[in-house]
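Listing of upload31.txt, compact mmCIF, C-alpha atoms and all ligand atoms
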```txt
# COMPACT_ATOMS: atom_id res chain seq x y z
CA MET V 1 0.00 0.00 0.00
CA ASN V 2 1.14 3.50 -0.76
CA ILE V 3 0.62 5.43 2.48
CA GLN V 4 0.97 9.22 2.45
CA ILE V 5 0.74 11.31 5.60
CA PHE V 6 0.01 15.03 5.31
CA ASP V 7 0.63 17.91 7.71
CA SER V 8 -2.49 19.74 6.67
CA GLN V 9 -5.93 18.87 5.42
CA LEU V 10 -5.49 21.23 2.49
CA GLU V 11 -2.48 19.25 1.28
CA LEU V 12 -4.40 15.99 1.61
CA ASP V 13 -7.38 17.43 -0.28
CA ALA V 14 -5.18 18.78 -3.08
CA TYR V 15 -3.30 15.49 -3.42
CA ALA V 16 -6.51 13.44 -3.64
CA ALA V 17 -8.13 15.89 -6.06
CA ASN V 18 -5.05 15.69 -8.29
CA LEU V 19 -5.25 11.90 -8.39
CA PHE V 20 -8.80 12.21 -9.75
CA ILE V 21 -7.94 15.01 -12.13
CA ASP V 22 -4.88 13.22 -13.53
CA THR V 23 -7.10 10.19 -14.14
CA VAL V 24 -9.72 12.25 -15.99
CA ARG V 25 -7.12 14.14 -18.02
CA SER V 26 -5.50 10.94 -19.23
CA LYS V 27 -8.87 9.20 -19.69
CA PRO V 28 -11.74 11.67 -20.33
CA LYS V 29 -14.33 8.86 -20.16
CA ALA V 30 -13.07 7.73 -16.75
CA VAL V 31 -15.43 6.05 -14.30
CA LEU V 32 -15.05 7.46 -10.79
CA GLY V 33 -16.29 5.78 -7.63
CA LEU V 34 -17.33 8.46 -5.13
CA ALA V 35 -17.93 8.60 -1.40
CA THR V 36 -19.69 10.86 1.10
CA GLY V 37 -19.00 11.78 4.73
CA SER V 38 -17.09 14.81 5.97
CA THR V 39 -13.68 13.75 4.63
CA PRO V 40 -14.38 14.09 0.88
CA ILE V 41 -15.85 17.62 1.15
CA GLY V 42 -12.49 19.37 0.81
CA ILE V 43 -11.41 16.99 -1.95
CA TYR V 44 -14.52 17.82 -3.98
CA ALA V 45 -14.03 21.54 -3.31
CA LYS V 46 -10.54 21.29 -4.78
CA MET V 47 -11.85 19.40 -7.83
CA VAL V 48 -14.45 22.15 -8.37
CA GLU V 49 -11.74 24.81 -8.07
CA LYS V 50 -9.62 23.08 -10.70
CA TYR V 51 -12.61 22.69 -12.98
CA ARG V 52 -13.35 26.43 -12.64
CA ASN V 53 -9.71 27.18 -13.49
CA GLY V 54 -10.19 25.27 -16.71
CA GLU V 55 -7.77 22.53 -15.70
CA VAL V 56 -10.20 19.65 -16.27
CA SER V 57 -13.57 18.76 -17.80
CA PHE V 58 -15.88 16.09 -16.41
CA ALA V 59 -18.20 16.16 -19.43
CA GLU V 60 -17.51 12.54 -20.37
CA VAL V 61 -16.94 11.14 -16.89
CA THR V 62 -19.33 8.66 -15.25
CA THR V 63 -19.62 8.40 -11.46
CA PHE V 64 -20.95 5.75 -9.11
CA ASN V 65 -21.51 6.48 -5.45
CA LEU V 66 -20.93 3.90 -2.77
CA ASP V 67 -24.12 4.19 -0.84
CA GLU V 68 -27.39 5.92 0.02
CA TYR V 69 -29.76 5.95 2.97
CA VAL V 70 -33.07 4.12 2.58
CA GLY V 71 -36.14 6.34 2.77
CA LEU V 72 -34.67 9.82 2.21
CA ILE V 73 -35.87 11.62 -0.89
CA PRO V 74 -33.05 13.09 -3.02
CA TYR V 75 -34.16 16.61 -1.94
CA ASN V 76 -33.67 15.75 1.72
CA ASP V 77 -30.50 17.58 2.68
CA GLN V 78 -29.21 14.48 4.49
CA SER V 79 -29.48 12.21 1.47
CA TYR V 80 -26.24 11.36 -0.27
CA ALA V 81 -27.81 12.44 -3.58
CA TYR V 82 -28.26 15.92 -2.12
CA TYR V 83 -24.71 15.89 -0.72
CA MET V 84 -23.21 14.99 -4.10
CA ASN V 85 -25.13 17.74 -5.91
CA LYS V 86 -24.19 20.28 -3.26
CA HIS V 87 -20.50 19.47 -3.04
CA LEU V 88 -19.66 18.38 -6.58
CA PHE V 89 -22.16 17.73 -9.36
CA ASP V 90 -23.87 21.15 -9.32
CA HIS V 91 -20.52 22.87 -9.83
CA ILE V 92 -18.92 20.86 -12.64
CA ASP V 93 -19.86 20.02 -16.22
CA ILE V 94 -20.86 16.38 -15.65
CA PRO V 95 -24.34 15.63 -17.12
CA ASP V 96 -26.91 14.33 -14.58
CA THR V 97 -27.36 11.26 -16.75
CA GLN V 98 -23.78 10.18 -15.98
CA THR V 99 -24.00 10.29 -12.18
CA PHE V 100 -25.33 7.25 -10.35
CA LEU V 101 -26.24 6.52 -6.74
CA PRO V 102 -28.25 3.62 -5.39
CA ASN V 103 -31.89 4.74 -5.12
CA GLY V 104 -32.87 4.51 -1.45
CA MET V 105 -36.47 5.40 -2.37
CA ALA V 106 -36.94 2.43 -4.71
CA GLU V 107 -40.13 0.51 -3.98
CA ASP V 108 -38.32 -2.78 -4.46
CA LEU V 109 -34.93 -2.39 -2.80
CA GLU V 110 -33.71 -5.84 -3.81
CA ALA V 111 -34.45 -5.06 -7.46
CA GLU V 112 -32.64 -1.74 -7.05
CA CYS V 113 -29.54 -3.61 -5.80
CA VAL V 114 -29.64 -5.88 -8.86
CA ARG V 115 -30.04 -2.84 -11.15
CA TYR V 116 -27.06 -1.06 -9.56
CA ASP V 117 -24.88 -4.16 -9.77
CA GLN V 118 -25.79 -4.59 -13.42
CA MET V 119 -24.58 -1.06 -14.16
CA LEU V 120 -21.38 -1.71 -12.23
CA LEU V 121 -20.81 -4.94 -14.14
CA GLU V 122 -20.95 -3.06 -17.42
CA ARG V 123 -18.21 -0.63 -16.42
CA GLN V 124 -14.86 -0.71 -14.67
CA ILE V 125 -14.35 1.88 -11.94
CA ASP V 126 -10.99 3.53 -12.58
CA VAL V 127 -10.56 5.20 -9.19
CA GLN V 128 -12.69 4.52 -6.12
CA LEU V 129 -12.65 7.00 -3.23
CA LEU V 130 -13.28 5.61 0.24
CA GLY V 131 -13.53 6.91 3.77
CA ILE V 132 -13.64 4.68 6.82
CA GLY V 133 -16.09 4.42 9.70
CA HIS V 134 -14.88 4.10 13.30
CA ASN V 135 -15.71 0.41 13.21
CA GLY V 136 -13.83 -0.11 9.93
CA HIS V 137 -16.82 0.09 7.60
CA ILE V 138 -16.28 1.11 3.99
CA GLY V 139 -19.28 2.46 2.14
CA PHE V 140 -21.88 1.08 4.53
CA ASN V 141 -20.34 -2.41 4.67
CA GLU V 142 -20.57 -2.93 8.39
CA PRO V 143 -18.39 -5.43 10.33
CA ASP V 144 -19.88 -8.93 10.23
CA HIS V 145 -18.87 -12.60 10.17
CA ALA V 146 -19.41 -12.50 6.38
CA LEU V 147 -19.69 -9.67 3.85
CA SER V 148 -21.69 -9.29 0.63
CA GLY V 149 -19.90 -8.95 -2.67
CA GLY V 150 -22.61 -6.98 -4.42
CA THR V 151 -24.95 -4.09 -3.66
CA HIS V 152 -27.24 -4.87 -0.75
CA VAL V 153 -29.55 -3.46 1.90
CA VAL V 154 -27.79 -3.03 5.21
CA ARG V 155 -29.13 -2.38 8.68
CA LEU V 156 -26.86 0.30 10.12
CA LYS V 157 -25.11 -0.39 13.42
CA GLU V 158 -26.19 1.88 16.26
CA ALA V 159 -22.63 3.25 16.48
CA THR V 160 -22.78 4.22 12.80
CA ARG V 161 -26.15 5.90 13.25
CA GLU V 162 -24.77 7.77 16.27
CA ALA V 163 -21.66 8.85 14.34
CA ASN V 164 -23.83 10.19 11.53
CA ALA V 165 -26.44 11.72 13.85
CA ARG V 166 -24.42 14.95 13.95
CA PHE V 167 -25.75 15.71 10.48
CA PHE V 168 -29.41 15.21 11.47
CA ALA V 169 -31.70 17.28 13.70
CA ALA V 170 -32.37 14.30 15.98
CA MET V 171 -31.17 10.73 16.41
CA ASP V 172 -34.55 9.28 15.43
CA GLU V 173 -34.27 10.97 12.04
CA VAL V 174 -31.15 8.95 11.17
CA PRO V 175 -32.27 6.17 8.83
CA GLU V 176 -31.94 2.61 10.06
CA TYR V 177 -31.20 1.14 6.67
CA ALA V 178 -29.00 1.99 3.71
CA LEU V 179 -28.07 0.58 0.33
CA THR V 180 -24.38 0.04 -0.23
CA MET V 181 -22.10 -1.21 -2.92
CA GLY V 182 -20.56 -4.48 -1.73
CA VAL V 183 -16.91 -5.10 -0.97
CA GLY V 184 -16.66 -7.25 -4.10
CA SER V 185 -17.52 -4.24 -6.29
CA ILE V 186 -15.22 -1.97 -4.29
CA LEU V 187 -12.29 -4.34 -4.67
CA LYS V 188 -12.87 -4.60 -8.45
CA ALA V 189 -11.95 -0.93 -8.88
CA ASN V 190 -8.71 -0.47 -10.78
CA SER V 191 -7.33 1.74 -8.02
CA ILE V 192 -8.56 2.87 -4.63
CA ILE V 193 -7.94 6.02 -2.59
CA LEU V 194 -8.66 5.70 1.13
CA ALA V 195 -8.76 9.15 2.75
CA VAL V 196 -8.92 9.48 6.53
CA ARG V 197 -8.67 12.40 8.93
CA GLY V 198 -8.65 12.77 12.69
CA ALA V 199 -7.25 11.25 15.87
CA ASP V 200 -10.49 9.34 16.48
CA LYS V 201 -9.69 7.22 13.38
CA ALA V 202 -6.05 6.44 14.28
CA ASP V 203 -6.81 3.11 15.93
CA ILE V 204 -9.08 1.78 13.18
CA VAL V 205 -6.59 2.94 10.52
CA LYS V 206 -3.88 0.91 12.24
CA GLN V 207 -6.12 -2.15 12.49
CA ALA V 208 -7.27 -1.85 8.88
CA LEU V 209 -3.81 -1.38 7.38
CA THR V 210 -1.65 -3.56 9.60
CA GLY V 211 -4.00 -5.94 11.44
CA PRO V 212 -5.40 -9.27 10.27
CA ILE V 213 -7.59 -9.31 7.16
CA THR V 214 -11.03 -9.90 8.58
CA THR V 215 -14.64 -9.16 7.69
CA GLU V 216 -14.94 -7.79 11.25
CA VAL V 217 -12.85 -4.85 9.95
CA PRO V 218 -14.15 -4.46 6.38
CA ALA V 219 -11.43 -1.93 5.47
CA SER V 220 -8.78 -4.59 6.19
CA LEU V 221 -9.82 -6.27 2.94
CA LEU V 222 -8.11 -3.38 1.18
CA GLN V 223 -4.83 -5.09 2.07
CA THR V 224 -5.65 -7.59 -0.68
CA HIS V 225 -5.91 -4.92 -3.40
CA PRO V 226 -2.80 -4.17 -5.49
CA ARG V 227 -3.36 -0.43 -5.99
CA VAL V 228 -4.51 1.31 -2.82
CA THR V 229 -3.29 4.79 -1.93
CA VAL V 230 -3.95 5.75 1.69
CA LEU V 231 -4.07 9.47 2.44
CA LEU V 232 -3.93 10.37 6.12
CA ASP V 233 -3.53 13.50 8.17
CA ARG V 234 -0.96 13.35 11.00
CA GLU V 235 -3.64 12.52 13.59
CA ALA V 236 -5.13 9.60 11.66
CA GLY V 237 -1.65 8.23 10.93
CA ARG V 238 -0.17 8.67 14.38
CA MET V 239 -0.35 4.98 15.36
CA LEU V 240 1.40 3.73 12.24
CA GLY V 241 5.06 2.66 12.48
C1 LIG V 301 -20.44 7.26 6.38
C2 LIG V 301 -20.30 6.82 4.93
C3 LIG V 301 -18.93 6.22 4.68
C4 LIG V 301 -17.86 7.15 5.22
C5 LIG V 301 -18.04 7.31 6.70
C6 LIG V 301 -16.97 8.17 7.36
O1 LIG V 301 -20.72 6.20 7.22
N1 LIG V 301 -21.29 5.87 4.52
O2 LIG V 301 -18.75 6.00 3.29
O3 LIG V 301 -16.59 6.63 4.94
O4 LIG V 301 -19.31 7.94 6.88
O5 LIG V 301 -17.26 9.51 7.17
P1 LIG V 301 -16.41 10.72 7.72
O6 LIG V 301 -15.49 11.10 6.61
O7 LIG V 301 -17.44 11.79 7.97
O8 LIG V 301 -15.72 10.29 8.95
```
Kindly transcribe the structure held in the file into structure tokens.
Amino acid sequence: MNIQIFDSQLELDAYAANLFIDTVRSKPKAVLGLATGSTPIGIYAKMVEKYRNGEVSFAEVTTFNLDEYVGLIPYNDQSYAYYMNKHLFDHIDIPDTQTFLPNGMAEDLEAECVRYDQMLLERQIDVQLLGIGHNGHIGFNEPDHALSGGTHVVRLKEATREANARFFAAMDEVPEYALTMGVGSILKANSIILAVRGADKADIVKQALTGPITTEVPASLLQTHPRVTVLLDREAGRMLG
């Protein structure tokens, strides 16, 4: 694994944004796997800045997001669809028809998972961005004795709901279920960027990168992938070597 530790968040954001932009410049029809959470916000801001400076066009890019809450309409400001529009899609030249998220409002969620997997099967993700949850989840693949390869409905752990409650007005507004791309799809990406910030993630970063490969720490499966770049701030990387 290529592990980079940065002194400032701005440097981390710029480095990650450049990895995406270099990919799109060398392959205008690139397929990008995108993530939500607080960590990618600065990365997307940097991508928008570079787009505005005329350094890159996303007109032919396709994107797939990792996950979406079940039961939030896309106009709900806590949905990941809303987040992506707010932080990235509304500010760049990517057509709406080329941005995909699982539909957490689908009447038949199982059929929605099959539909999303079918789209993923037809394309190869060039670069997949990931964050990590405190319990080692990637996307919304929560720790378990076994993990799903494909897109599936997941019941969120209470700890995950609590961690994400800061974005909602009240805990009981945090959805109990989500749709997430499976670890099989994540690991099929040509390359992966794992971006992590903060002292509260130092322990799980150490477990994920240097501990045993186990479904109880879903991010540890990244150790099996040949092209993972890990971008950490000093705090998140403080327990490494
Ligand atoms: C959510 C998302 C994950 C993300 C995680 C960490 O649970 N589903 O994809 O990695 O949050 O987010 P943050 O960057 O806010 O710590």
Exercise: Val56 in chain V partners within 7 Å, only C-alpha atoms, chain neighbours under 2 positions left out, as a list in words: Ile21, Arg25, Lys50, Tyr51, Gly54 and Phe58 of chain V
Neighbourhood of ligand LIG 301 (chain V) at 6 Å, counting all atoms listed in the file, reported as a PyMOL selection string: chain V and resi 35-39+130-133+138-140
Pairwise distance for CA of Ala163 in chain V and CA of Gly198 in chain V, rounded to one decimal in Å: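 CA of Ala163 in chain V sits 13.7 Å away from CA of Gly198 in chain V.
These residues, each with an atom at most 8 Å from (-29.9, 4.2, -10.1) using only C-alpha atoms, are Phe100, Leu101, Pro102, Asn103, Glu112, Arg115 and Tyr116 of chain V.
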Could you write out as AutoDock Vina command-line options the box around range 163-176 of chain V (axis-aligned, all atoms listed in the file, 8 Å on each side), with centre and edge lengths in Å to one decimal?
```
--center_x -28.1 --center_y 9.9 --center_z 12.6 --size_x 28.9 --size_y 30.7 --size_z 23.6
```
Interatomic distance (Å, one decimal) between CA of Lys206 in chain V and CA of Val230 in chain V: 11.6 Å
Non-local contacts of Asp126 in chain V (6 Å; only C-alpha atoms; under 3 positions in same chain excluded) as a ChimeraX atom specification: /V:31-32,189-190
Neighbour residues at most 12 Å from (-22.5, -12.2, 6.6) (all atoms listed in the file) as a PyMOL selection string: chain V and resi 141-149+152+154+182-183+214-216+218
Separation of CA of Ile192 in chain V from CA of Val228 in chain V in Å: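 Taking CA of Val228 in chain V as the start and CA of Ile192 in chain V as the end point, the length is 4.7 Å.
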Residue contacts of range 166-169 of chain V (12 Å, only C-alpha atoms) excluding same-chain residues fewer than 5 positions away, as a PyMOL selection string: chain V and resi 37-38+72+76-80+83+160-161+174-175
Reconstruct N, CA and C atoms of range 179-205 of chain V from the incomplete input and present them as a short mmCIF file (atom, residue, chain, number, x, y, z; two decimals), keeping the file's coordinate frame.
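New file out_16.cif:
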```
data_model
loop_
_atom_site.label_atom_id
_atom_site.label_comp_id
_atom_site.auth_asym_id
_atom_site.auth_seq_id
_atom_site.Cartn_x
_atom_site.Cartn_y
_atom_site.Cartn_z
N LEU V 179 -28.52 1.44 1.42
CA LEU V 179 -28.07 0.58 0.33
C LEU V 179 -26.59 0.85 0.15
N THR V 180 -25.81 -0.18 -0.02
CA THR V 180 -24.38 0.04 -0.23
C THR V 180 -23.82 -0.89 -1.29
N MET V 181 -22.89 -0.38 -2.03
CA MET V 181 -22.10 -1.21 -2.92
C MET V 181 -21.39 -2.25 -2.05
N GLY V 182 -21.22 -3.45 -2.53
CA GLY V 182 -20.56 -4.48 -1.73
C GLY V 182 -19.04 -4.39 -1.82
N VAL V 183 -18.39 -5.13 -0.95
CA VAL V 183 -16.91 -5.10 -0.97
C VAL V 183 -16.36 -5.72 -2.25
N GLY V 184 -17.11 -6.66 -2.84
CA GLY V 184 -16.66 -7.25 -4.10
C GLY V 184 -16.53 -6.17 -5.17
N SER V 185 -17.55 -5.32 -5.29
CA SER V 185 -17.52 -4.24 -6.29
C SER V 185 -16.42 -3.24 -5.96
N ILE V 186 -16.26 -2.94 -4.68
CA ILE V 186 -15.22 -1.97 -4.29
C ILE V 186 -13.84 -2.50 -4.69
N LEU V 187 -13.62 -3.77 -4.41
CA LEU V 187 -12.29 -4.34 -4.67
C LEU V 187 -12.03 -4.56 -6.16
N LYS V 188 -13.07 -4.47 -6.99
CA LYS V 188 -12.87 -4.60 -8.45
C LYS V 188 -12.39 -3.30 -9.07
N ALA V 189 -12.42 -2.20 -8.33
CA ALA V 189 -11.95 -0.93 -8.88
C ALA V 189 -10.47 -1.06 -9.27
N ASN V 190 -10.10 -0.38 -10.34
CA ASN V 190 -8.71 -0.47 -10.78
C ASN V 190 -7.76 0.09 -9.72
N SER V 191 -8.13 1.22 -9.13
CA SER V 191 -7.33 1.74 -8.02
C SER V 191 -8.26 2.34 -6.97
N ILE V 192 -7.75 2.42 -5.77
CA ILE V 192 -8.56 2.87 -4.63
C ILE V 192 -7.80 3.95 -3.86
N ILE V 193 -8.50 4.99 -3.48
CA ILE V 193 -7.94 6.02 -2.59
C ILE V 193 -8.73 5.94 -1.28
N LEU V 194 -8.03 5.67 -0.20
CA LEU V 194 -8.66 5.70 1.13
C LEU V 194 -8.19 6.98 1.82
N ALA V 195 -9.12 7.87 2.12
CA ALA V 195 -8.76 9.15 2.75
C ALA V 195 -9.33 9.20 4.15
N VAL V 196 -8.48 9.48 5.13
CA VAL V 196 -8.92 9.48 6.53
C VAL V 196 -8.30 10.65 7.30
N ARG V 197 -9.13 11.28 8.11
CA ARG V 197 -8.67 12.40 8.93
C ARG V 197 -9.06 12.16 10.38
N GLY V 198 -8.24 12.67 11.30
CA GLY V 198 -8.65 12.77 12.69
C GLY V 198 -8.12 11.71 13.62
N ALA V 199 -7.81 12.14 14.85
CA ALA V 199 -7.25 11.25 15.87
C ALA V 199 -8.21 10.12 16.22
N ASP V 200 -9.51 10.37 16.12
CA ASP V 200 -10.49 9.34 16.48
C ASP V 200 -10.46 8.17 15.50
N LYS V 201 -9.77 8.31 14.36
CA LYS V 201 -9.69 7.22 13.38
C LYS V 201 -8.33 6.51 13.43
N ALA V 202 -7.41 6.98 14.30
CA ALA V 202 -6.05 6.44 14.28
C ALA V 202 -6.03 4.94 14.57
N ASP V 203 -6.82 4.52 15.54
CA ASP V 203 -6.81 3.11 15.93
C ASP V 203 -7.37 2.22 14.82
N ILE V 204 -8.48 2.63 14.23
CA ILE V 204 -9.08 1.78 13.18
C ILE V 204 -8.20 1.79 11.92
N VAL V 205 -7.51 2.90 11.67
CA VAL V 205 -6.59 2.94 10.52
C VAL V 205 -5.48 1.91 10.73
#
```
